[in-house]
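Asks: Sharing work_31.pdb below, PDB, C-alpha atoms:
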ATOM      1  CA  MET A   1      -8.962   2.573 -14.512  1.00  0.00           C
ATOM      2  CA  ALA A   2      -7.524   4.664 -17.345  1.00  0.00           C
ATOM      3  CA  SER A   3      -3.750   4.860 -17.747  1.00  0.00           C
ATOM      4  CA  ASP A   4      -3.510   8.519 -16.831  1.00  0.00           C
ATOM      5  CA  ALA A   5      -1.499   9.989 -13.962  1.00  0.00           C
ATOM      6  CA  GLY A   6      -4.628  11.996 -12.972  1.00  0.00           C
ATOM      7  CA  GLU A   7      -6.225   8.684 -12.025  1.00  0.00           C
ATOM      8  CA  VAL A   8      -3.932   8.386  -8.986  1.00  0.00           C
ATOM      9  CA  ALA A   9      -5.988  10.976  -7.065  1.00  0.00           C
ATOM     10  CA  ARG A  10      -9.176   9.170  -8.095  1.00  0.00           C
ATOM     11  CA  ALA A  11      -7.751   5.842  -6.866  1.00  0.00           C
ATOM     12  CA  ARG A  12      -6.865   7.394  -3.493  1.00  0.00           C
ATOM     13  CA  SER A  13     -10.347   8.886  -3.202  1.00  0.00           C
ATOM     14  CA  LEU A  14     -12.070   5.602  -4.057  1.00  0.00           C
ATOM     15  CA  ALA A  15      -9.908   3.740  -1.529  1.00  0.00           C
ATOM     16  CA  LEU A  16     -10.525   6.288   1.249  1.00  0.00           C
ATOM     17  CA  ASP A  17     -14.285   6.229   0.616  1.00  0.00           C
ATOM     18  CA  GLN A  18     -14.311   2.431   0.918  1.00  0.00           C
ATOM     19  CA  LEU A  19     -12.178   2.490   4.063  1.00  0.00           C
ATOM     20  CA  ALA A  20     -14.551   5.026   5.637  1.00  0.00           C
ATOM     21  CA  ALA A  21     -17.515   2.797   4.750  1.00  0.00           C
ATOM     22  CA  TRP A  22     -15.747  -0.102   6.479  1.00  0.00           C
ATOM     23  CA  GLY A  23     -14.981   2.056   9.543  1.00  0.00           C
ATOM     24  CA  VAL A  24     -11.201   1.742   9.182  1.00  0.00           C
ATOM     25  CA  ASP A  25      -9.315   4.059  11.527  1.00  0.00           C
ATOM     26  CA  GLU A  26      -7.435   7.145  10.391  1.00  0.00           C
ATOM     27  CA  ALA A  27      -3.928   5.728  10.906  1.00  0.00           C
ATOM     28  CA  ALA A  28      -4.562   2.667   8.726  1.00  0.00           C
ATOM     29  CA  SER A  29      -6.350   4.838   6.151  1.00  0.00           C
ATOM     30  CA  PHE A  30      -3.291   7.092   5.919  1.00  0.00           C
ATOM     31  CA  VAL A  31      -1.040   4.075   5.267  1.00  0.00           C
ATOM     32  CA  VAL A  32      -3.432   2.710   2.635  1.00  0.00           C
ATOM     33  CA  GLU A  33      -3.601   6.123   0.934  1.00  0.00           C
ATOM     34  CA  LEU A  34       0.205   6.198   0.636  1.00  0.00           C
ATOM     35  CA  VAL A  35       0.340   2.587  -0.597  1.00  0.00           C
ATOM     36  CA  VAL A  36      -2.395   3.150  -3.194  1.00  0.00           C
ATOM     37  CA  SER A  37      -0.717   6.319  -4.413  1.00  0.00           C
ATOM     38  CA  GLU A  38       2.659   4.650  -4.856  1.00  0.00           C
ATOM     39  CA  LEU A  39       1.436   1.402  -6.412  1.00  0.00           C
ATOM     40  CA  VAL A  40      -1.021   3.047  -8.819  1.00  0.00           C
ATOM     41  CA  THR A  41       1.598   5.610  -9.864  1.00  0.00           C
ATOM     42  CA  ASN A  42       4.099   2.819 -10.562  1.00  0.00           C
ATOM     43  CA  ALA A  43       1.496   0.767 -12.443  1.00  0.00           C
ATOM     44  CA  ILE A  44       0.651   3.706 -14.706  1.00  0.00           C
ATOM     45  CA  ARG A  45       4.264   4.744 -15.183  1.00  0.00           C
ATOM     46  CA  TYR A  46       5.898   1.341 -15.665  1.00  0.00           C
ATOM     47  CA  GLY A  47       3.203  -1.309 -16.111  1.00  0.00           C
ATOM     48  CA  GLY A  48       0.673  -0.121 -18.619  1.00  0.00           C
ATOM     49  CA  ALA A  49      -3.020  -0.647 -19.186  1.00  0.00           C
ATOM     50  CA  PRO A  50      -5.222  -2.008 -17.888  1.00  0.00           C
ATOM     51  CA  VAL A  51      -4.627  -0.773 -14.320  1.00  0.00           C
ATOM     52  CA  CYS A  52      -6.949  -2.050 -11.594  1.00  0.00           C
ATOM     53  CA  LEU A  53      -7.132  -1.354  -7.844  1.00  0.00           C
ATOM     54  CA  ARG A  54      -8.708  -3.897  -5.505  1.00  0.00           C
ATOM     55  CA  LEU A  55      -9.177  -3.761  -1.712  1.00  0.00           C
ATOM     56  CA  ILE A  56      -9.873  -6.933   0.262  1.00  0.00           C
ATOM     57  CA  ARG A  57     -10.781  -6.776   3.935  1.00  0.00           C
ATOM     58  CA  GLU A  58      -9.949  -9.905   5.918  1.00  0.00           C
ATOM     59  CA  ARG A  59      -7.825 -10.125   9.078  1.00  0.00           C
ATOM     60  CA  GLY A  60      -6.051  -7.097   7.712  1.00  0.00           C
ATOM     61  CA  LEU A  61      -6.490  -5.195   4.508  1.00  0.00           C
ATOM     62  CA  ILE A  62      -5.035  -6.393   1.233  1.00  0.00           C
ATOM     63  CA  VAL A  63      -4.362  -3.744  -1.400  1.00  0.00           C
ATOM     64  CA  GLU A  64      -3.857  -5.098  -4.912  1.00  0.00           C
ATOM     65  CA  VAL A  65      -2.857  -3.094  -7.961  1.00  0.00           C
ATOM     66  CA  SER A  66      -2.784  -4.950 -11.276  1.00  0.00           C
ATOM     67  CA  ASP A  67      -1.352  -3.748 -14.567  1.00  0.00           C
ATOM     68  CA  GLY A  68      -0.501  -5.065 -18.008  1.00  0.00           C
ATOM     69  CA  GLY A  69       3.265  -5.216 -17.518  1.00  0.00           C
ATOM     70  CA  HIS A  70       5.429  -8.185 -16.637  1.00  0.00           C
ATOM     71  CA  THR A  71       8.373  -6.260 -15.173  1.00  0.00           C
ATOM     72  CA  SER A  72       8.920  -7.005 -11.497  1.00  0.00           C
ATOM     73  CA  PRO A  73       9.423  -4.039  -9.167  1.00  0.00           C
ATOM     74  CA  HIS A  74      12.744  -3.837  -7.342  1.00  0.00           C
ATOM     75  CA  LEU A  75      13.073  -2.789  -3.745  1.00  0.00           C
ATOM     76  CA  ARG A  76      16.062  -0.503  -3.337  1.00  0.00           C
ATOM     77  CA  ARG A  77      17.367   2.186  -1.060  1.00  0.00           C
ATOM     78  CA  ALA A  78      17.685   5.486  -2.874  1.00  0.00           C
ATOM     79  CA  ALA A  79      20.833   7.541  -2.411  1.00  0.00           C
ATOM     80  CA  MET A  80      20.516  11.027  -0.903  1.00  0.00           C
ATOM     81  CA  GLU A  81      20.896  12.676  -4.324  1.00  0.00           C
ATOM     82  CA  ASP A  82      18.293  10.440  -6.031  1.00  0.00           C
ATOM     83  CA  GLU A  83      15.001  12.117  -6.940  1.00  0.00           C
ATOM     84  CA  GLY A  84      13.000   8.885  -6.874  1.00  0.00           C
ATOM     85  CA  GLY A  85      13.272   5.259  -5.905  1.00  0.00           C
ATOM     86  CA  ARG A  86      11.953   5.473  -2.354  1.00  0.00           C
ATOM     87  CA  GLY A  87       8.322   4.561  -2.961  1.00  0.00           C
ATOM     88  CA  LEU A  88       8.464   0.770  -2.872  1.00  0.00           C
ATOM     89  CA  PHE A  89      10.889   0.919   0.064  1.00  0.00           C
ATOM     90  CA  LEU A  90       8.321   3.005   1.987  1.00  0.00           C
ATOM     91  CA  VAL A  91       5.536   0.603   1.012  1.00  0.00           C
ATOM     92  CA  ALA A  92       7.594  -2.301   2.362  1.00  0.00           C
ATOM     93  CA  GLN A  93       8.238  -0.434   5.622  1.00  0.00           C
ATOM     94  CA  LEU A  94       4.587   0.526   6.178  1.00  0.00           C
ATOM     95  CA  THR A  95       2.969  -2.819   5.357  1.00  0.00           C
ATOM     96  CA  GLN A  96       3.072  -6.254   6.951  1.00  0.00           C
ATOM     97  CA  GLN A  97       4.192  -7.905   3.718  1.00  0.00           C
ATOM     98  CA  TRP A  98       4.082  -7.407  -0.032  1.00  0.00           C
ATOM     99  CA  GLY A  99       4.686  -9.373  -3.179  1.00  0.00           C
ATOM    100  CA  THR A 100       4.132  -9.826  -6.884  1.00  0.00           C
ATOM    101  CA  ARG A 101       1.800 -12.306  -8.575  1.00  0.00           C
ATOM    102  CA  TYR A 102       2.054 -12.814 -12.332  1.00  0.00           C
ATOM    103  CA  THR A 103      -0.903 -13.501 -14.622  1.00  0.00           C
ATOM    104  CA  PRO A 104      -1.113 -14.259 -18.352  1.00  0.00           C
ATOM    105  CA  THR A 105      -2.022 -10.598 -18.971  1.00  0.00           C
ATOM    106  CA  GLY A 106       0.362  -8.836 -16.560  1.00  0.00           C
ATOM    107  CA  LYS A 107       1.048  -8.732 -12.847  1.00  0.00           C
ATOM    108  CA  THR A 108      -0.491  -7.823  -9.506  1.00  0.00           C
ATOM    109  CA  ILE A 109       1.441  -6.130  -6.716  1.00  0.00           C
ATOM    110  CA  TRP A 110      -0.203  -6.850  -3.366  1.00  0.00           C
ATOM    111  CA  THR A 111       0.380  -5.552   0.140  1.00  0.00           C
ATOM    112  CA  GLU A 112      -1.101  -6.439   3.490  1.00  0.00           C
ATOM    113  CA  VAL A 113      -1.882  -3.543   5.823  1.00  0.00           C
ATOM    114  CA  SER A 114      -2.680  -4.198   9.474  1.00  0.00           C
ATOM    115  CA  LEU A 115      -6.007  -2.828  10.679  1.00  0.00           C
ATOM    116  CA  VAL A 116      -4.930  -3.236  14.303  1.00  0.00           C
ATOM    117  CA  PRO A 117      -3.160  -0.132  15.635  1.00  0.00           C
ATOM    118  CA  ALA A 118       0.496  -0.867  16.246  1.00  0.00           C
ATOM    119  CA  ARG A 119       1.807  -0.400  19.744  1.00  0.00           C
ATOM    120  CA  MET A 120       4.664   2.021  19.758  1.00  0.00           C
ATOM    121  CA  PRO A 121       7.636   1.177  22.000  1.00  0.00           C
ATOM    122  CA  GLY A 122       7.311   2.900  25.348  1.00  0.00           C
ATOM    123  CA  THR A 123       3.539   3.423  25.159  1.00  0.00           C
ATOM    124  CA  PHE A 124       0.867   1.576  27.046  1.00  0.00           C
ATOM    125  CA  ALA A 125      -2.480   1.028  25.379  1.00  0.00           C
ATOM    126  CA  GLY A 126      -5.323   0.127  27.729  1.00  0.00           C
ATOM    127  CA  GLU A 127      -3.174  -0.720  30.715  1.00  0.00           C
ATOM    128  CA  GLN A 128      -3.413   0.846  34.152  1.00  0.00           C
ATOM    129  CA  PHE A 129      -0.555   1.318  36.580  1.00  0.00           C
ATOM    130  CA  ASP A 130      -1.257   2.146  40.199  1.00  0.00           C
ATOM    131  CA  LEU A 131       1.534   4.204  41.704  1.00  0.00           C
TER
END
If you convert what's in this file into structure tokens, what do you get?

Replies:
Amino acid sequence: MASDAGEVARARSLALDQLAAWGVDEAASFVVELVVSELVTNAIRYGGAPVCLRLIRERGLIVEVSDGGHTSPHLRRAAMEDEGGRGLFLVAQLTQQWGTRYTPTGKTIWTEVSLVPARMPGTFAGEQFDL
């Protein structure tokens, strides 16, 4: 993947096409689209070439974005007046877990996204109540 900010839209499109081919539901696809957008943007902006996106479908879905940098991302809460700094925080909130793996040529940021719809508090999925 070229180190160009225009590649972020291409990365999202490639990811969504693959998720559709796998039959992943819309809610999980939306989360993956946000994660891919944030991680690829950060890789291009802060990591450097080469940038690579990889999707692995197992129990859940693992999204990996590799780049040529060795700088570790920092999770922080942005202040109200900050223009940026919320992306990795959102990724951490929307995914099951995330981390960084270093290689001789750079690093890989990985996240695990659940493919099982989350049950929202106060909702009942597939249960029947006779009144």

Asks: Just give me the gap between CA of Thr100 in chain A and CA of Ser72 in chain A in Å, one decimal is fine.

Replies: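 Spanning CA of Thr100 in chain A to CA of Ser72 in chain A is a straight-line distance of 7.2 Å.
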
Asks: Between A:Gly99, A:Cys52, A:Thr71, A:Val63, which has the minimum distance to Val31 in chain A (counting all atoms listed in the file)?

Replies: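 For Val31 in chain A, the nearest of the candidates is A:Val63.
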
Asks: Extract, using only C-alpha atoms, all DNA, RNA and protein residues at most 12 Å from range 8-25 of chain A, discarding same-chain residues fewer than 5 positions from it, and format them as a short mmCIF file (atom, residue, chain, number, x, y, z; two decimals) with C-alpha atoms, keeping the file's coordinate frame.

Replies:
data_model
loop_
_atom_site.label_atom_id
_atom_site.label_comp_id
_atom_site.auth_asym_id
_atom_site.auth_seq_id
_atom_site.Cartn_x
_atom_site.Cartn_y
_atom_site.Cartn_z
CA MET A 1 -8.96 2.57 -14.51
CA ALA A 2 -7.52 4.66 -17.34
CA SER A 3 -3.75 4.86 -17.75
CA PHE A 30 -3.29 7.09 5.92
CA VAL A 31 -1.04 4.08 5.27
CA VAL A 32 -3.43 2.71 2.64
CA GLU A 33 -3.60 6.12 0.93
CA LEU A 34 0.20 6.20 0.64
CA VAL A 35 0.34 2.59 -0.60
CA VAL A 36 -2.40 3.15 -3.19
CA SER A 37 -0.72 6.32 -4.41
CA GLU A 38 2.66 4.65 -4.86
CA LEU A 39 1.44 1.40 -6.41
CA VAL A 40 -1.02 3.05 -8.82
CA THR A 41 1.60 5.61 -9.86
CA ASN A 42 4.10 2.82 -10.56
CA ALA A 43 1.50 0.77 -12.44
CA ILE A 44 0.65 3.71 -14.71
CA ARG A 45 4.26 4.74 -15.18
CA VAL A 51 -4.63 -0.77 -14.32
CA CYS A 52 -6.95 -2.05 -11.59
CA LEU A 53 -7.13 -1.35 -7.84
CA ARG A 54 -8.71 -3.90 -5.50
CA LEU A 55 -9.18 -3.76 -1.71
CA ILE A 56 -9.87 -6.93 0.26
CA ARG A 57 -10.78 -6.78 3.94
CA GLU A 58 -9.95 -9.90 5.92
CA GLY A 60 -6.05 -7.10 7.71
CA LEU A 61 -6.49 -5.20 4.51
CA ILE A 62 -5.04 -6.39 1.23
CA VAL A 63 -4.36 -3.74 -1.40
CA GLU A 64 -3.86 -5.10 -4.91
CA VAL A 65 -2.86 -3.09 -7.96
CA VAL A 113 -1.88 -3.54 5.82
CA SER A 114 -2.68 -4.20 9.47
CA LEU A 115 -6.01 -2.83 10.68
CA VAL A 116 -4.93 -3.24 14.30
CA PRO A 117 -3.16 -0.13 15.64
CA ALA A 118 0.50 -0.87 16.25
#

Asks: Please measure the separation of CA of Trp98 in chain A and CA of Tyr46 in chain A, giving the value in Å to one decimal.

Replies: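 Result for CA of Trp98 in chain A versus CA of Tyr46 in chain A: 18.0 Å, one decimal.
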
Asks: When distances are computed from all atoms listed in the file, which of A:Gln96, A:Phe89, A:Arg101, A:Ser29 shows the smallest separation from Asp67 in chain A?

Replies: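 Smallest distance to Asp67 in chain A is found for A:Arg101.
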
Asks: Find the distance between CA of Pro50 in chain A and CA of Thr108 in chain A and write it in Å to one decimal.

Replies: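 Result for CA of Pro50 in chain A versus CA of Thr108 in chain A: 11.2 Å, one decimal.
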